[in-house]
$ cat work-v1.txt   # compact mmCIF, C-alpha atoms and all ligand atoms
# COMPACT_ATOMS: atom_id res chain seq x y z
CA MET A 1 0.00 0.00 0.00
CA LYS A 2 2.75 2.40 0.95
CA SER A 3 4.61 1.86 -2.33
CA ILE A 4 1.48 2.65 -4.35
CA LEU A 5 1.01 5.85 -2.40
CA LEU A 6 4.63 6.65 -2.99
CA ILE A 7 4.40 6.27 -6.77
CA MET A 8 1.25 8.39 -6.87
CA SER A 9 2.80 11.14 -4.82
CA LEU A 10 6.01 11.18 -6.85
CA ALA A 11 3.91 11.60 -9.99
CA PHE A 12 2.07 14.44 -8.33
CA THR A 13 5.35 16.13 -7.34
CA GLY A 14 6.33 16.12 -10.99
CA ASN A 15 3.28 18.25 -11.74
CA LEU A 16 4.07 21.05 -9.33
CA SER A 17 3.47 24.42 -10.90
CA ALA A 18 6.43 26.76 -11.30
CA ALA A 19 4.85 29.06 -8.72
CA GLU A 20 4.67 26.28 -6.15
CA GLU A 21 8.28 25.31 -6.79
CA ALA A 22 9.41 28.91 -6.49
CA ASN A 23 7.85 29.28 -3.05
CA GLY A 24 10.43 26.93 -1.57
CA VAL A 25 10.00 25.08 1.70
CA GLN A 26 8.91 26.67 4.97
CA LEU A 27 11.11 25.96 7.97
CA CYS A 28 9.35 26.69 11.26
CA HIS A 29 10.65 26.46 14.78
CA ILE A 30 8.43 24.50 17.16
CA ALA A 31 10.39 24.65 20.45
CA ASN A 32 13.86 23.68 21.69
CA ALA A 33 15.19 21.18 19.07
CA GLY A 34 11.83 20.80 17.30
CA PHE A 35 11.25 21.96 13.72
CA TYR A 36 8.52 21.70 11.09
CA MET A 37 9.40 21.63 7.38
CA GLU A 38 6.54 22.26 4.97
CA GLY A 39 6.64 21.85 1.21
CA ALA A 40 3.93 22.24 -1.43
CA ASN A 41 2.18 18.94 -0.70
CA SER A 42 3.92 17.33 2.25
CA ALA A 43 5.60 18.20 5.50
CA ALA A 44 7.88 16.69 8.12
CA ILE A 45 8.45 17.28 11.81
CA ILE A 46 11.50 16.38 13.90
CA ASP A 47 11.79 16.47 17.71
CA GLY A 48 8.62 18.55 17.83
CA VAL A 49 5.76 16.37 19.12
CA ILE A 50 6.12 16.78 22.88
CA LEU A 51 3.46 17.25 25.55
CA SER A 52 5.60 17.23 28.69
CA GLY A 53 9.33 17.53 27.97
CA LEU A 54 12.03 18.49 30.47
CA PRO A 55 11.96 21.47 32.85
CA ASN A 56 15.16 23.03 31.49
CA TYR A 57 14.04 23.11 27.85
CA SER A 58 11.10 24.82 26.23
CA VAL A 59 8.11 22.92 24.86
CA ALA A 60 5.53 24.24 22.43
CA SER A 61 2.25 25.66 23.71
CA MET A 62 -0.45 23.06 24.30
CA ASP A 63 -2.57 24.65 21.52
CA LEU A 64 0.17 24.16 18.96
CA THR A 65 0.97 20.61 20.07
CA LYS A 66 -2.72 19.65 19.85
CA GLN A 67 -2.92 21.09 16.30
CA ILE A 68 0.13 19.04 15.31
CA ILE A 69 -1.25 15.84 16.87
CA LYS A 70 -4.65 16.28 15.20
CA GLY A 71 -3.21 17.39 11.86
CA GLU A 72 -5.16 20.64 11.93
CA GLY A 73 -4.60 23.60 9.61
CA ARG A 74 -1.18 23.61 7.96
CA PHE A 75 -0.28 20.40 9.82
CA SER A 76 -2.70 18.47 7.59
CA LYS A 77 0.28 18.18 5.21
CA LEU A 78 2.30 16.21 7.76
CA LYS A 79 3.55 12.91 6.31
CA LEU A 80 6.77 12.20 8.24
CA ALA A 81 7.35 12.49 11.97
CA THR A 82 10.69 11.55 13.45
CA ALA A 83 12.74 12.01 16.61
CA SER A 84 16.51 12.03 16.94
CA HIS A 85 16.60 9.99 20.16
CA TYR A 86 14.53 9.04 23.19
CA HIS A 87 15.37 11.84 25.63
CA PRO A 88 12.21 13.68 26.75
CA ASP A 89 13.34 17.04 25.34
CA HIS A 90 13.24 15.40 21.88
CA PHE A 91 10.59 12.70 22.09
CA ASP A 92 7.43 11.98 24.05
CA PRO A 93 5.94 8.46 23.81
CA LEU A 94 2.48 9.65 24.88
CA ALA A 95 2.34 12.44 22.31
CA THR A 96 3.65 10.00 19.69
CA ARG A 97 0.86 7.56 20.60
CA GLU A 98 -1.75 10.33 20.29
CA LEU A 99 -0.48 11.41 16.89
CA LEU A 100 -0.45 7.81 15.65
CA ASP A 101 -4.09 7.43 16.75
CA MET A 102 -5.39 10.78 15.48
CA SER A 103 -3.35 11.22 12.28
CA PRO A 104 -3.09 7.81 10.60
CA GLY A 105 -1.61 9.30 7.41
CA VAL A 106 1.61 10.18 9.22
CA THR A 107 4.51 7.73 9.26
CA TRP A 108 6.79 7.78 12.28
CA VAL A 109 10.43 6.82 11.77
CA LEU A 110 12.36 6.08 14.96
CA ALA A 111 15.36 4.14 16.21
CA PRO A 112 14.29 0.80 17.76
CA GLN A 113 15.15 2.02 21.29
CA VAL A 114 12.79 4.96 20.77
CA ALA A 115 9.99 3.03 19.05
CA ASP A 116 10.00 0.51 21.92
CA MET A 117 8.81 3.24 24.30
CA VAL A 118 5.55 3.75 22.38
CA GLN A 119 2.65 1.77 23.86
CA GLY A 120 0.17 -0.18 21.78
CA ASP A 121 0.20 -0.95 18.05
CA ARG A 122 3.55 0.02 16.55
CA SER A 123 2.89 -1.24 13.03
CA ASP A 124 2.80 2.33 11.67
CA ILE A 125 6.29 3.04 13.00
CA GLU A 126 9.27 2.41 10.73
CA THR A 127 12.49 1.66 12.58
CA VAL A 128 16.00 2.54 11.45
CA LEU A 129 19.40 2.03 12.99
CA PRO A 130 22.34 2.74 10.70
CA GLY A 131 25.57 1.15 11.92
CA TRP A 132 28.47 2.97 13.54
CA ASN A 133 30.42 2.13 10.37
CA GLY A 134 27.71 3.48 8.08
CA PRO A 135 26.33 3.74 5.51
CA GLN A 136 23.23 5.88 5.95
CA GLU A 137 19.77 4.36 5.80
CA THR A 138 17.39 5.97 3.31
CA LEU A 139 13.59 5.94 3.34
CA LEU A 140 10.97 7.50 1.12
CA ILE A 141 7.87 8.61 2.99
CA ASP A 142 5.33 9.89 0.49
CA ASP A 143 7.44 12.36 -1.52
CA ILE A 144 9.86 13.06 1.34
CA LYS A 145 13.32 11.52 1.30
CA VAL A 146 14.90 10.96 4.68
CA GLU A 147 18.43 9.68 5.30
CA TYR A 148 19.80 8.69 8.71
CA TRP A 149 23.35 8.42 10.03
CA ARG A 150 24.57 7.32 13.43
CA VAL A 151 25.72 10.39 15.36
CA SER A 152 27.15 9.89 18.84
CA HIS A 153 25.42 11.50 21.82
CA GLY A 154 28.62 10.87 23.78
CA ARG A 155 27.42 7.52 25.13
CA ASP A 156 27.13 4.52 22.81
CA GLU A 157 23.96 3.13 24.38
CA ILE A 158 21.91 6.13 23.25
CA GLN A 159 20.57 5.53 19.73
CA ASN A 160 20.95 9.10 18.47
CA LEU A 161 20.43 9.67 14.74
CA GLY A 162 21.36 12.47 12.40
CA ALA A 163 18.60 12.99 9.83
CA LYS A 164 18.72 14.63 6.40
CA ILE A 165 15.18 15.43 5.29
CA THR A 166 14.59 16.48 1.68
CA ILE A 167 11.26 18.02 0.63
CA ASP A 168 10.65 19.52 -2.84
CA GLY A 169 14.41 19.45 -3.46
CA VAL A 170 15.30 21.41 -0.30
CA SER A 171 17.27 19.57 2.38
CA PHE A 172 17.60 19.96 6.15
CA PHE A 173 20.01 18.21 8.50
CA HIS A 174 19.25 17.67 12.19
CA PRO A 175 22.03 15.91 14.16
CA GLY A 176 20.08 15.28 17.37
CA ASP A 177 22.16 15.78 20.50
CA ILE A 178 25.51 15.66 18.76
CA VAL A 179 28.38 15.11 21.22
CA THR A 180 31.10 13.70 19.02
CA ASP A 181 34.25 14.21 16.96
CA TRP A 182 35.39 13.97 13.34
CA ASN A 183 36.61 10.39 13.65
CA GLN A 184 33.15 9.16 14.66
CA LEU A 185 31.34 11.12 11.95
CA GLU A 186 33.77 9.98 9.24
CA THR A 187 33.44 6.33 10.33
CA ALA A 188 29.65 6.63 10.16
CA GLY A 189 29.92 7.95 6.58
CA LEU A 190 28.83 11.48 7.37
CA VAL A 191 31.36 13.04 5.04
CA ASP A 192 30.97 16.04 2.73
CA ILE A 193 27.16 15.85 2.67
CA ASP A 194 25.44 18.73 0.84
CA VAL A 195 22.45 20.24 2.61
CA ASP A 196 20.64 23.56 2.36
CA VAL A 197 20.12 24.00 6.10
CA ILE A 198 21.71 22.59 9.23
CA LEU A 199 19.88 22.74 12.54
CA VAL A 200 22.62 22.58 15.12
CA PRO A 201 22.61 22.43 18.93
CA SER A 202 24.03 25.73 20.10
CA TRP A 203 26.62 24.06 22.34
CA PHE A 204 28.28 22.17 19.49
CA GLY A 205 31.37 24.06 18.39
CA LEU A 206 31.00 26.49 21.29
CA ASP A 207 34.59 27.43 22.12
CA ASN A 208 35.66 24.17 20.44
CA PRO A 209 37.39 24.55 17.05
CA ASP A 210 37.74 20.76 16.65
CA GLN A 211 33.98 20.29 16.83
CA MET A 212 33.39 23.17 14.41
CA GLN A 213 35.90 21.66 11.99
CA ALA A 214 34.24 18.24 12.29
CA LEU A 215 30.93 19.86 11.38
CA THR A 216 32.36 21.59 8.32
CA LYS A 217 34.00 18.38 7.08
CA ALA A 218 30.81 16.38 7.57
CA LEU A 219 28.35 18.82 6.02
CA ASN A 220 28.28 21.56 3.41
CA TRP A 221 25.44 23.95 4.26
CA ARG A 222 24.13 27.34 3.14
CA ILE A 223 22.08 28.23 6.19
CA ALA A 224 22.68 27.30 9.83
CA VAL A 225 20.01 27.54 12.52
CA PRO A 226 21.40 27.18 16.06
CA MET A 227 18.89 25.57 18.41
CA HIS A 228 18.38 23.65 21.66
CA TYR A 229 19.04 26.59 23.99
CA GLN A 230 18.71 25.77 27.67
CA LYS A 231 16.20 27.82 29.67
CA GLY A 232 17.31 30.11 32.49
CA ASP A 233 20.99 30.79 33.16
CA PRO A 234 22.85 27.58 34.02
CA ASP A 235 26.29 27.68 35.64
CA TRP A 236 28.06 26.19 32.60
CA ALA A 237 26.93 29.15 30.48
CA LYS A 238 28.58 31.76 32.72
CA GLU A 239 32.00 31.43 31.09
CA TYR A 240 30.34 32.32 27.77
CA GLY A 241 28.61 35.39 29.23
CA GLY A 242 25.36 33.60 30.14
CA MET A 243 22.57 32.06 28.08
CA ALA A 244 21.35 35.44 26.79
CA ALA A 245 24.79 36.05 25.27
CA ILE A 246 24.93 32.52 23.82
CA ARG A 247 21.51 33.03 22.20
CA LYS A 248 22.59 36.37 20.76
CA THR A 249 25.98 35.29 19.39
CA SER A 250 25.30 31.71 18.27
CA PRO A 251 24.09 32.58 14.74
CA ASP A 252 27.40 34.43 14.16
CA ARG A 253 29.48 31.36 15.06
CA TYR A 254 28.21 29.33 12.10
CA GLU A 255 28.61 30.15 8.43
CA GLY A 256 25.23 31.38 7.17
CA GLY A 257 23.83 31.49 10.69
CA VAL A 258 20.30 32.79 11.27
CA SER A 259 18.14 33.04 14.39
CA LEU A 260 14.85 31.12 14.42
CA THR A 261 13.88 30.73 18.06
CA ASN A 262 10.23 31.68 18.60
CA GLU A 263 7.30 29.27 18.41
CA MET A 264 6.18 28.97 14.78
CA GLN A 265 8.68 31.56 13.62
CA CYS A 266 9.21 30.48 10.00
CA MET A 267 11.55 31.18 7.11
CA THR A 268 11.29 30.23 3.46
CA VAL A 269 14.19 28.18 2.11
CA GLY A 270 14.50 28.20 -1.67
CA LYS A 271 16.51 25.74 -3.71
CA ASP A 272 19.52 28.05 -3.89
ZN ZN B 1 19.73 13.95 24.54
$ encode --input "work-v1.txt" --output "structure tokens"
Amino acid sequence: MKSILLIMSLAFTGNLSAAEEANGVQLCHIANAGFYMEGANSAAIIDGVILSGLPNYSVASMDLTKQIIKGEGRFSKLKLATASHYHPDHFDPLATRELLDMSPGVTWVLAPQVADMVQGDRSDIETVLPGWNGPQETLLIDDIKVEYWRVSHGRDEIQNLGAKITIDGVSFFHPGDIVTDWNQLETAGLVDIDVDVILVPSWFGLDNPDQMQALTKALNWRIAVPMHYQKGDPDWAKEYGGMAAIRKTSPDRYEGGVSLTNEMQCMTVGKD
């Protein structure tokens, strides 16, 4: 059934009007590490379907989360939902269950460790776990292409995935909670990958040239959106001038950096 839908939707993509193509893809911030990517006919969400979360990281308003779960308004285009790893600031098994029940047209793609936390029927969840030695795993969900690489969270037991999501020819890379080095990324096959946009945790590369170099060897991007800012003013942030300073200066630390931090603040990303 899925393959028939796929062929139909690919045919439909081929008939996009020039005007629709020219509009590009909307990238919208949900909260913390959560983003929504909306093309002409389909949309994807990553790390953005969360009802409870963690106290130190923002979650979307209940109104917005309910709209996403029910597929209301612009979220009726949602076809792919994914989460980088199981930590509650990225994934919520209860919200995932609700979305599965209320929006049956959406396919979830999760690492096995993450999928296992969802109660009830999991037949609508696709699982992926690329190896530490690569290569990436590629799936087509409707007309969305999604590729996954293993990206270390700093501890091997956490199944953290980097995801490249391509909609209408525009690509986005989300590395999850990346805590790693060049050697690991190269071994996993994350080398010289072209993307239009990277979404990058604001601590990665912070005062760490090796991490920044690893990022630039792994990915070639045009636009960088720093994300996953901690709430309040934690002690670790003091040596960088506090969280307010980190929020202000983070876009300048990455080539092509832009700020996209408010709930449903969106930008249009064209093909070039
Ligand atoms: Zn995490």
$ residues_around --input "work-v1.txt" --residues "Ile46 (chain A)" --least-positions-apart "4" --cutoff "8 Å" --atoms "all atoms listed in the file" --output "ChimeraX atom specification"
/A:33-36,81-84
$ residues_around --input "work-v1.txt" --residues "Glu137 (chain A)" --least-positions-apart "4" --cutoff "10 Å" --atoms "all atoms listed in the file" --output "number ranges by chain"
A: 128-131, 146-150, 163
$ write_last_selection --input "work-v1.txt" --atoms "C-alpha atoms" --output "short mmCIF file (atom, residue, chain, number, x, y, z; two decimals), in the coordinates of the input"
data_model
loop_
_atom_site.label_atom_id
_atom_site.label_comp_id
_atom_site.auth_asym_id
_atom_site.auth_seq_id
_atom_site.Cartn_x
_atom_site.Cartn_y
_atom_site.Cartn_z
CA VAL A 128 16.00 2.54 11.45
CA LEU A 129 19.40 2.03 12.99
CA PRO A 130 22.34 2.74 10.70
CA GLY A 131 25.57 1.15 11.92
CA VAL A 146 14.90 10.96 4.68
CA GLU A 147 18.43 9.68 5.30
CA TYR A 148 19.80 8.69 8.71
CA TRP A 149 23.35 8.42 10.03
CA ARG A 150 24.57 7.32 13.43
CA ALA A 163 18.60 12.99 9.83
#
$ closest_residue --input "work-v1.txt" --among "A:Ile45, A:Val170, A:Ile50, A:Ala31" --to "Lys271 (chain A)" --atoms "only C-alpha atoms"
A:Val170
$ closest_residue --input "work-v1.txt" --among "A:Cys266, A:Leu100, A:Ile125, A:Leu161" --to "Asp47 (chain A)" --atoms "only C-alpha atoms"
A:Leu161
$ atom_distance --input "work-v1.txt" --atom1 "CA of Ala60 (chain A)" --atom2 "CA of Glu263 (chain A)"
6.7 Å
$ residues_around --input "work-v1.txt" --residues "Tyr254 (chain A)" --least-positions-apart "3" --cutoff "7 Å" --atoms "all atoms listed in the file" --output "ChimeraX atom specification"
/A:224,251,257
$ residues_near_ligand --input "work-v1.txt" --ligand "ligand ZN 1 (chain B)" --cutoff "10 Å" --atoms "only C-alpha atoms and all ligand atoms" --output "PyMOL selection string"
chain A and resi 84-91+153-154+158-160+176-179
$ atom_distance --input "work-v1.txt" --atom1 "CA of Gly232 (chain A)" --atom2 "CA of Ala244 (chain A)"
8.8 Å
$ atom_distance --input "work-v1.txt" --atom1 "CA of Pro201 (chain A)" --atom2 "CA of Asn41 (chain A)"
28.5 Å
$ closest_residue --input "work-v1.txt" --among "A:Gly189, A:Met243, A:Trp182, A:Asp252" --to "Ala214 (chain A)" --atoms "all atoms listed in the file"
A:Trp182
$ closest_residue --input "work-v1.txt" --among "A:Arg222, A:Ala40, A:Leu78, A:Pro209" --to "Ile193 (chain A)" --atoms "only C-alpha atoms"
A:Arg222
$ residues_near_point --input "work-v1.txt" --point "(20.9, 17.3, 5.2)" --cutoff "10 Å" --atoms "all atoms listed in the file" --output "list in words"
Val146, Glu147, Tyr148, Gly162, Ala163, Lys164, Ile165, Thr166, Val170, Ser171, Phe172, Phe173, His174, Pro175, Ile193, Asp194, Val195, Asp196, Val197, Ile198, Leu199, Leu219, Asn220 and Trp221 of chain A
$ closest_residue --input "work-v1.txt" --among "A:Gln26, A:Thr261, A:Gln230, A:Thr187" --to "Gln136 (chain A)" --atoms "all atoms listed in the file"
A:Thr187
$ closest_residue --input "work-v1.txt" --among "A:Asp207, A:Asp233, A:Asp124, A:Asp156" --to "Tyr57 (chain A)" --atoms "all atoms listed in the file"
A:Asp233
$ axis_aligned_box --input "work-v1.txt" --around "region 174-191 of chain A" --padding-each-side "3 Å" --output "JSON"
{"center_x": 27.9, "center_y": 12.0, "center_z": 13.1, "size_x": 23.4, "size_y": 17.3, "size_z": 22.2}
$ residues_around --input "work-v1.txt" --residues "Ser202 (chain A)" --least-positions-apart "5" --cutoff "7 Å" --atoms "only C-alpha atoms" --output "list in words"
Pro226, Met227, His228, Tyr229 and Ser250 of chain A
$ residues_around --input "work-v1.txt" --residues "Glu38 (chain A)" --least-positions-apart "6" --cutoff "8 Å" --atoms "only C-alpha atoms" --output "list in words"
Val25, Gln26, Leu27, Ala44, Lys77, Leu78 and Ile167 of chain A
$ build_atoms --input "work-v1.txt" --residues "region 176-209 of chain A" --atoms "N, CA and C atoms" --output "PDB file, in the frame of the given file"
ATOM      1  N   GLY A 176      20.425  15.695  16.010  1.00  0.00           N
ATOM      2  CA  GLY A 176      20.080  15.280  17.370  1.00  0.00           C
ATOM      3  C   GLY A 176      21.035  15.911  18.366  1.00  0.00           C
ATOM      4  N   ASP A 177      21.213  15.267  19.499  1.00  0.00           N
ATOM      5  CA  ASP A 177      22.160  15.780  20.500  1.00  0.00           C
ATOM      6  C   ASP A 177      23.556  15.300  20.135  1.00  0.00           C
ATOM      7  N   ILE A 178      24.179  16.032  19.254  1.00  0.00           N
ATOM      8  CA  ILE A 178      25.510  15.660  18.760  1.00  0.00           C
ATOM      9  C   ILE A 178      26.570  15.989  19.799  1.00  0.00           C
ATOM     10  N   VAL A 179      27.253  14.944  20.275  1.00  0.00           N
ATOM     11  CA  VAL A 179      28.380  15.110  21.220  1.00  0.00           C
ATOM     12  C   VAL A 179      29.459  14.172  20.692  1.00  0.00           C
ATOM     13  N   THR A 180      30.231  14.634  19.725  1.00  0.00           N
ATOM     14  CA  THR A 180      31.100  13.700  19.020  1.00  0.00           C
ATOM     15  C   THR A 180      32.293  14.413  18.392  1.00  0.00           C
ATOM     16  N   ASP A 181      33.067  13.646  17.607  1.00  0.00           N
ATOM     17  CA  ASP A 181      34.250  14.210  16.960  1.00  0.00           C
ATOM     18  C   ASP A 181      34.296  13.760  15.492  1.00  0.00           C
ATOM     19  N   TRP A 182      35.293  14.250  14.769  1.00  0.00           N
ATOM     20  CA  TRP A 182      35.390  13.970  13.340  1.00  0.00           C
ATOM     21  C   TRP A 182      35.568  12.477  13.063  1.00  0.00           C
ATOM     22  N   ASN A 183      36.356  11.808  13.876  1.00  0.00           N
ATOM     23  CA  ASN A 183      36.610  10.390  13.650  1.00  0.00           C
ATOM     24  C   ASN A 183      35.302   9.590  13.637  1.00  0.00           C
ATOM     25  N   GLN A 184      34.428   9.890  14.596  1.00  0.00           N
ATOM     26  CA  GLN A 184      33.150   9.160  14.660  1.00  0.00           C
ATOM     27  C   GLN A 184      32.286   9.472  13.435  1.00  0.00           C
ATOM     28  N   LEU A 185      32.204  10.741  13.080  1.00  0.00           N
ATOM     29  CA  LEU A 185      31.340  11.120  11.950  1.00  0.00           C
ATOM     30  C   LEU A 185      31.855  10.513  10.645  1.00  0.00           C
ATOM     31  N   GLU A 186      33.176  10.536  10.469  1.00  0.00           N
ATOM     32  CA  GLU A 186      33.770   9.980   9.240  1.00  0.00           C
ATOM     33  C   GLU A 186      33.508   8.475   9.165  1.00  0.00           C
ATOM     34  N   THR A 187      33.679   7.783  10.291  1.00  0.00           N
ATOM     35  CA  THR A 187      33.440   6.330  10.330  1.00  0.00           C
ATOM     36  C   THR A 187      31.982   6.011   9.982  1.00  0.00           C
ATOM     37  N   ALA A 188      31.079   6.858  10.427  1.00  0.00           N
ATOM     38  CA  ALA A 188      29.650   6.630  10.160  1.00  0.00           C
ATOM     39  C   ALA A 188      29.258   7.011   8.729  1.00  0.00           C
ATOM     40  N   GLY A 189      30.196   7.578   7.974  1.00  0.00           N
ATOM     41  CA  GLY A 189      29.920   7.950   6.580  1.00  0.00           C
ATOM     42  C   GLY A 189      29.320   9.330   6.410  1.00  0.00           C
ATOM     43  N   LEU A 190      29.367  10.114   7.470  1.00  0.00           N
ATOM     44  CA  LEU A 190      28.830  11.480   7.370  1.00  0.00           C
ATOM     45  C   LEU A 190      29.957  12.411   6.922  1.00  0.00           C
ATOM     46  N   VAL A 191      30.210  12.366   5.617  1.00  0.00           N
ATOM     47  CA  VAL A 191      31.360  13.040   5.040  1.00  0.00           C
ATOM     48  C   VAL A 191      30.917  13.873   3.842  1.00  0.00           C
ATOM     49  N   ASP A 192      31.156  15.186   3.909  1.00  0.00           N
ATOM     50  CA  ASP A 192      30.970  16.040   2.730  1.00  0.00           C
ATOM     51  C   ASP A 192      29.533  15.961   2.185  1.00  0.00           C
ATOM     52  N   ILE A 193      28.565  15.978   3.073  1.00  0.00           N
ATOM     53  CA  ILE A 193      27.160  15.850   2.670  1.00  0.00           C
ATOM     54  C   ILE A 193      26.598  17.252   2.386  1.00  0.00           C
ATOM     55  N   ASP A 194      26.037  17.438   1.200  1.00  0.00           N
ATOM     56  CA  ASP A 194      25.440  18.730   0.840  1.00  0.00           C
ATOM     57  C   ASP A 194      24.040  18.858   1.438  1.00  0.00           C
ATOM     58  N   VAL A 195      23.797  19.944   2.118  1.00  0.00           N
ATOM     59  CA  VAL A 195      22.450  20.240   2.610  1.00  0.00           C
ATOM     60  C   VAL A 195      22.211  21.748   2.466  1.00  0.00           C
ATOM     61  N   ASP A 196      20.956  22.127   2.396  1.00  0.00           N
ATOM     62  CA  ASP A 196      20.640  23.560   2.360  1.00  0.00           C
ATOM     63  C   ASP A 196      20.725  24.168   3.760  1.00  0.00           C
ATOM     64  N   VAL A 197      20.206  23.443   4.741  1.00  0.00           N
ATOM     65  CA  VAL A 197      20.120  24.000   6.100  1.00  0.00           C
ATOM     66  C   VAL A 197      20.626  22.978   7.119  1.00  0.00           C
ATOM     67  N   ILE A 198      21.451  23.416   8.045  1.00  0.00           N
ATOM     68  CA  ILE A 198      21.710  22.590   9.230  1.00  0.00           C
ATOM     69  C   ILE A 198      21.027  23.229  10.438  1.00  0.00           C
ATOM     70  N   LEU A 199      20.445  22.352  11.250  1.00  0.00           N
ATOM     71  CA  LEU A 199      19.880  22.740  12.540  1.00  0.00           C
ATOM     72  C   LEU A 199      20.877  22.198  13.552  1.00  0.00           C
ATOM     73  N   VAL A 200      21.483  23.058  14.334  1.00  0.00           N
ATOM     74  CA  VAL A 200      22.620  22.580  15.120  1.00  0.00           C
ATOM     75  C   VAL A 200      22.508  23.013  16.580  1.00  0.00           C
ATOM     76  N   PRO A 201      22.653  22.051  17.516  1.00  0.00           N
ATOM     77  CA  PRO A 201      22.610  22.430  18.930  1.00  0.00           C
ATOM     78  C   PRO A 201      23.640  23.505  19.239  1.00  0.00           C
ATOM     79  N   SER A 202      23.203  24.529  19.950  1.00  0.00           N
ATOM     80  CA  SER A 202      24.030  25.730  20.100  1.00  0.00           C
ATOM     81  C   SER A 202      25.304  25.474  20.897  1.00  0.00           C
ATOM     82  N   TRP A 203      25.386  24.326  21.605  1.00  0.00           N
ATOM     83  CA  TRP A 203      26.620  24.060  22.340  1.00  0.00           C
ATOM     84  C   TRP A 203      27.691  23.421  21.467  1.00  0.00           C
ATOM     85  N   PHE A 204      27.295  22.878  20.302  1.00  0.00           N
ATOM     86  CA  PHE A 204      28.280  22.170  19.490  1.00  0.00           C
ATOM     87  C   PHE A 204      29.159  23.177  18.741  1.00  0.00           C
ATOM     88  N   GLY A 205      30.436  23.084  18.978  1.00  0.00           N
ATOM     89  CA  GLY A 205      31.370  24.060  18.390  1.00  0.00           C
ATOM     90  C   GLY A 205      31.554  25.289  19.256  1.00  0.00           C
ATOM     91  N   LEU A 206      30.869  25.346  20.401  1.00  0.00           N
ATOM     92  CA  LEU A 206      31.000  26.490  21.290  1.00  0.00           C
ATOM     93  C   LEU A 206      32.382  26.442  21.939  1.00  0.00           C
ATOM     94  N   ASP A 207      33.239  27.384  21.573  1.00  0.00           N
ATOM     95  CA  ASP A 207      34.590  27.430  22.120  1.00  0.00           C
ATOM     96  C   ASP A 207      35.343  26.123  21.852  1.00  0.00           C
ATOM     97  N   ASN A 208      35.040  25.459  20.748  1.00  0.00           N
ATOM     98  CA  ASN A 208      35.660  24.170  20.440  1.00  0.00           C
ATOM     99  C   ASN A 208      35.916  24.056  18.930  1.00  0.00           C
ATOM    100  N   PRO A 209      37.090  24.547  18.501  1.00  0.00           N
ATOM    101  CA  PRO A 209      37.390  24.550  17.050  1.00  0.00           C
ATOM    102  C   PRO A 209      37.379  23.158  16.435  1.00  0.00           C
TER     103      PRO A 209
END
